[in-house]
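J.: Below are the structure tokens for one structure; questions will follow.
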Amino acid sequence: MTNIDSKIRASQHLKQLSYGNLQNQFLIAMQELAMINNHNLYIVIPPAREDYKSHIPSLDSIFDDLINISKSYPLKIINFFYDNDFTNEHFGDTDHLNQNGAKLLTSKIYNLI
């Protein structure tokens, strides 16, 4: 992976917030299908490097729709965004984990579910 500037990367991700209600409709449809099949739906918010996080507004504002949806549907949100166990050495770039980071995240998810 290339190590793109963290500000540029954060800006690219924030543009996706403008996709609007379509993503929410897909999420609700997935949750309804999970409920029909008696499955749990987990939403995992991954960790990110500190330089990336410095260019992102509060998670509450970013995931406001997700939080509202979780009030009506039994979504299980697992948030690792501010998990201090992940250091720069766990990342391949500003927001993607390398192999060691992926192992740590997988282990943490496994222990929670």
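Quick note on naming: the chains in the structure tokens go A, B, ... in the order shown, residues restart at 1 in each chain, and ligands are numbered from 1 in order of appearance.
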Run DSSP on the backbone of this structure and report the residues of range 2-46 of chain A it assigns to strand (DSSP E), as a ChimeraX atom specification.
T.: /A:42-45
J.: What's around Ile43 in chain A at 9 Å? Count only C-alpha atoms, leave out sequence neighbours fewer than 2 positions away in its own chain, and write the answer as a list of chain:residue names.
T.: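 Neighbouring residues, sequence-local ones excluded: A:Leu41, A:Ile45, A:Leu75, A:Lys76, A:Ile77, A:Ile78, A:Asn79.
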J.: Please produce an output containing N, CA, C and O atoms for each residue in the selection, written as a tab-separated table (two decimals), in the first residue's frame.
T.:
chain	number	residue	atom	x	y	z
A	41	LEU	N	-25.80	-8.84	13.54
A	41	LEU	CA	-25.06	-7.99	12.62
A	41	LEU	C	-24.12	-7.12	13.44
A	41	LEU	O	-24.56	-6.38	14.31
A	45	ILE	N	-15.90	-0.66	13.75
A	45	ILE	CA	-15.22	0.58	13.41
A	45	ILE	C	-13.74	0.33	13.69
A	45	ILE	O	-13.35	0.15	14.84
A	75	LEU	N	-28.34	-3.57	16.12
A	75	LEU	CA	-26.97	-3.58	15.62
A	75	LEU	C	-26.00	-3.68	16.79
A	75	LEU	O	-26.24	-3.13	17.85
A	76	LYS	N	-24.93	-4.35	16.56
A	76	LYS	CA	-23.88	-4.44	17.56
A	76	LYS	C	-22.68	-3.67	17.00
A	76	LYS	O	-22.09	-4.09	16.02
A	77	ILE	N	-22.37	-2.55	17.61
A	77	ILE	CA	-21.28	-1.69	17.13
A	77	ILE	C	-20.06	-1.93	18.01
A	77	ILE	O	-20.12	-1.80	19.24
A	78	ILE	N	-18.96	-2.29	17.36
A	78	ILE	CA	-17.69	-2.52	18.06
A	78	ILE	C	-16.72	-1.46	17.57
A	78	ILE	O	-16.37	-1.43	16.39
A	79	ASN	N	-16.29	-0.59	18.46
A	79	ASN	CA	-15.51	0.57	18.07
A	79	ASN	C	-14.06	0.44	18.54
A	79	ASN	O	-13.79	0.44	19.73
J.: Can you list, as an MDAnalysis selection string, all residues belonging to range 41-111 of chain A that DSSP tags as helix (DSSP H, G or I)?
T.: chainID A and resid 50:53 59:62 64:72 88:90 99:111
J.: Convert the current residue selection to file output with N, CA, C and O atoms, as a CSV table (one decimal), in the first residue's frame.
T.:
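Writing the result to out22.csv gives the following:
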chain,number,residue,atom,x,y,z
A,50,GLU,N,-2.9,8.0,14.5
A,50,GLU,CA,-3.2,9.3,15.1
A,50,GLU,C,-3.2,10.5,14.1
A,50,GLU,O,-4.0,11.4,14.2
A,51,ASP,N,-2.3,10.4,13.1
A,51,ASP,CA,-2.3,11.5,12.1
A,51,ASP,C,-3.6,11.5,11.3
A,51,ASP,O,-4.1,12.6,10.9
A,52,TYR,N,-4.1,10.4,11.0
A,52,TYR,CA,-5.4,10.3,10.3
A,52,TYR,C,-6.5,10.8,11.2
A,52,TYR,O,-7.3,11.6,10.7
A,53,LYS,N,-6.5,10.4,12.4
A,53,LYS,CA,-7.6,10.8,13.3
A,53,LYS,C,-7.6,12.3,13.5
A,53,LYS,O,-8.7,12.9,13.8
A,59,LEU,N,-16.4,11.1,16.1
A,59,LEU,CA,-17.1,9.9,15.5
A,59,LEU,C,-18.6,10.1,15.7
A,59,LEU,O,-19.4,9.5,14.9
A,60,ASP,N,-19.0,10.8,16.8
A,60,ASP,CA,-20.5,11.0,17.0
A,60,ASP,C,-21.1,11.6,15.7
A,60,ASP,O,-22.2,11.3,15.3
A,61,SER,N,-20.4,12.6,15.2
A,61,SER,CA,-21.0,13.3,14.0
A,61,SER,C,-20.9,12.5,12.8
A,61,SER,O,-21.8,12.5,12.0
A,62,ILE,N,-19.8,11.7,12.6
A,62,ILE,CA,-19.7,10.9,11.5
A,62,ILE,C,-20.7,9.7,11.5
A,62,ILE,O,-21.3,9.4,10.4
A,64,ASP,N,-23.5,9.5,13.2
A,64,ASP,CA,-24.8,9.9,13.8
A,64,ASP,C,-25.9,9.0,13.2
A,64,ASP,O,-26.8,8.5,14.0
A,65,ASP,N,-26.0,8.8,11.9
A,65,ASP,CA,-27.0,7.9,11.3
A,65,ASP,C,-26.9,6.5,11.8
A,65,ASP,O,-27.9,5.9,12.1
A,66,LEU,N,-25.7,6.0,11.9
A,66,LEU,CA,-25.5,4.6,12.4
A,66,LEU,C,-26.0,4.5,13.9
A,66,LEU,O,-26.7,3.5,14.2
A,67,ILE,N,-25.7,5.5,14.7
A,67,ILE,CA,-26.2,5.5,16.1
A,67,ILE,C,-27.7,5.5,16.1
A,67,ILE,O,-28.4,4.8,16.9
A,68,ASN,N,-28.3,6.4,15.3
A,68,ASN,CA,-29.8,6.4,15.2
A,68,ASN,C,-30.4,5.1,14.8
A,68,ASN,O,-31.4,4.7,15.3
A,69,ILE,N,-29.8,4.5,13.8
A,69,ILE,CA,-30.3,3.2,13.3
A,69,ILE,C,-30.3,2.2,14.4
A,69,ILE,O,-31.2,1.4,14.6
A,70,SER,N,-29.2,2.2,15.1
A,70,SER,CA,-29.0,1.2,16.2
A,70,SER,C,-30.0,1.3,17.3
A,70,SER,O,-30.2,0.4,18.1
A,71,LYS,N,-30.7,2.5,17.4
A,71,LYS,CA,-31.7,2.6,18.4
A,71,LYS,C,-33.0,1.9,18.0
A,71,LYS,O,-33.8,1.5,18.8
A,72,SER,N,-33.2,1.6,16.7
A,72,SER,CA,-34.4,0.9,16.2
A,72,SER,C,-34.1,-0.5,15.8
A,72,SER,O,-35.0,-1.3,15.7
A,88,ASN,N,1.5,2.9,15.5
A,88,ASN,CA,1.8,3.0,14.1
A,88,ASN,C,2.4,1.8,13.5
A,88,ASN,O,2.3,1.6,12.3
A,89,GLU,N,3.0,0.9,14.3
A,89,GLU,CA,3.6,-0.3,13.7
A,89,GLU,C,2.5,-1.3,13.3
A,89,GLU,O,2.9,-2.3,12.6
A,90,HIS,N,1.3,-1.1,13.6
A,90,HIS,CA,0.2,-2.0,13.2
A,90,HIS,C,-0.5,-1.6,11.9
A,90,HIS,O,-1.4,-2.2,11.4
A,99,GLN,N,-0.4,-6.9,8.5
A,99,GLN,CA,-0.7,-8.2,9.0
A,99,GLN,C,-0.7,-8.3,10.5
A,99,GLN,O,-1.6,-8.9,11.1
A,100,ASN,N,0.2,-7.7,11.2
A,100,ASN,CA,0.2,-7.7,12.7
A,100,ASN,C,-1.0,-7.0,13.2
A,100,ASN,O,-1.6,-7.4,14.2
A,101,GLY,N,-1.3,-5.9,12.6
A,101,GLY,CA,-2.5,-5.1,13.1
A,101,GLY,C,-3.8,-5.9,12.8
A,101,GLY,O,-4.7,-5.9,13.7
A,102,ALA,N,-3.9,-6.6,11.7
A,102,ALA,CA,-5.0,-7.4,11.4
A,102,ALA,C,-5.2,-8.6,12.4
A,102,ALA,O,-6.3,-8.9,12.8
A,103,LYS,N,-4.1,-9.2,12.7
A,103,LYS,CA,-4.1,-10.3,13.7
A,103,LYS,C,-4.6,-9.7,15.1
A,103,LYS,O,-5.4,-10.4,15.7
A,104,LEU,N,-4.1,-8.6,15.5
A,104,LEU,CA,-4.5,-8.0,16.8
A,104,LEU,C,-6.0,-7.7,16.7
A,104,LEU,O,-6.8,-8.0,17.6
A,105,LEU,N,-6.5,-7.0,15.6
A,105,LEU,CA,-7.9,-6.7,15.5
A,105,LEU,C,-8.8,-7.9,15.5
A,105,LEU,O,-9.8,-8.0,16.2
A,106,THR,N,-8.4,-8.9,14.7
A,106,THR,CA,-9.1,-10.2,14.7
A,106,THR,C,-9.2,-10.8,16.1
A,106,THR,O,-10.3,-11.3,16.5
A,107,SER,N,-8.2,-10.8,16.8
A,107,SER,CA,-8.2,-11.4,18.1
A,107,SER,C,-9.1,-10.6,19.1
A,107,SER,O,-9.9,-11.2,19.8
A,108,LYS,N,-9.1,-9.3,19.0
A,108,LYS,CA,-10.0,-8.5,19.8
A,108,LYS,C,-11.4,-8.7,19.5
A,108,LYS,O,-12.3,-8.8,20.3
A,109,ILE,N,-11.7,-8.8,18.2
A,109,ILE,CA,-13.1,-9.1,17.8
A,109,ILE,C,-13.6,-10.4,18.2
A,109,ILE,O,-14.7,-10.6,18.8
A,110,TYR,N,-12.7,-11.4,18.1
A,110,TYR,CA,-13.0,-12.8,18.5
A,110,TYR,C,-13.3,-12.8,20.0
A,110,TYR,O,-14.3,-13.5,20.4
A,111,ASN,N,-12.5,-12.1,20.8
A,111,ASN,CA,-12.8,-12.1,22.2
A,111,ASN,C,-14.1,-11.4,22.6
A,111,ASN,O,-14.6,-11.7,23.7
J.: With only C-alpha atoms as the counted atoms, please give the residues lying no more than 9 Å from Tyr73 in chain A, apart from itself and same-chain residues fewer than 5 positions off, as a PyMOL selection string.
T.: chain A and resi 28+31-32
J.: Go ahead and write the selection's residues with all heavy atoms as a tab-separated table (two decimals), in the first residue's frame.
T.:
chain	number	residue	atom	x	y	z
A	28	ILE	N	-29.97	-1.04	6.84
A	28	ILE	CA	-31.24	-1.48	7.39
A	28	ILE	C	-31.68	-2.79	6.73
A	28	ILE	O	-32.14	-3.72	7.40
A	28	ILE	CB	-32.31	-0.38	7.24
A	28	ILE	CG1	-31.98	0.79	8.18
A	28	ILE	CG2	-33.71	-0.92	7.52
A	28	ILE	CD1	-32.79	2.05	7.94
A	31	GLN	N	-29.66	-5.58	8.20
A	31	GLN	CA	-30.10	-5.89	9.56
A	31	GLN	C	-31.41	-6.66	9.54
A	31	GLN	O	-31.59	-7.61	10.29
A	31	GLN	CB	-30.24	-4.62	10.40
A	31	GLN	CG	-30.74	-4.88	11.81
A	31	GLN	CD	-29.88	-5.86	12.57
A	31	GLN	OE1	-28.66	-5.70	12.66
A	31	GLN	NE2	-30.48	-6.88	13.13
A	32	GLU	N	-32.33	-6.27	8.68
A	32	GLU	CA	-33.61	-6.98	8.59
A	32	GLU	C	-33.40	-8.42	8.12
A	32	GLU	O	-34.02	-9.34	8.65
A	32	GLU	CB	-34.57	-6.22	7.68
A	32	GLU	CG	-35.06	-4.93	8.33
A	32	GLU	CD	-35.90	-4.05	7.41
A	32	GLU	OE1	-35.91	-4.29	6.17
A	32	GLU	OE2	-36.53	-3.12	7.94
J.: Within 8 Å of Pro47 in chain A, counting only C-alpha atoms, which residues qualify if same-chain residues fewer than 4 places away don't, as number ranges by chain?
T.: A: 79-83, 86, 95
J.: So what do you get for CA of Gln23 in chain A versus CA of Asn98 in chain A, distance-wise?
T.: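 Distance between the two atoms: 27.0 Å.
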J.: By how many Å are CA of Lys7 in chain A and CA of His55 in chain A apart?
T.: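 Answer for the CA of Lys7 in chain A to CA of His55 in chain A separation: 5.8 Å.
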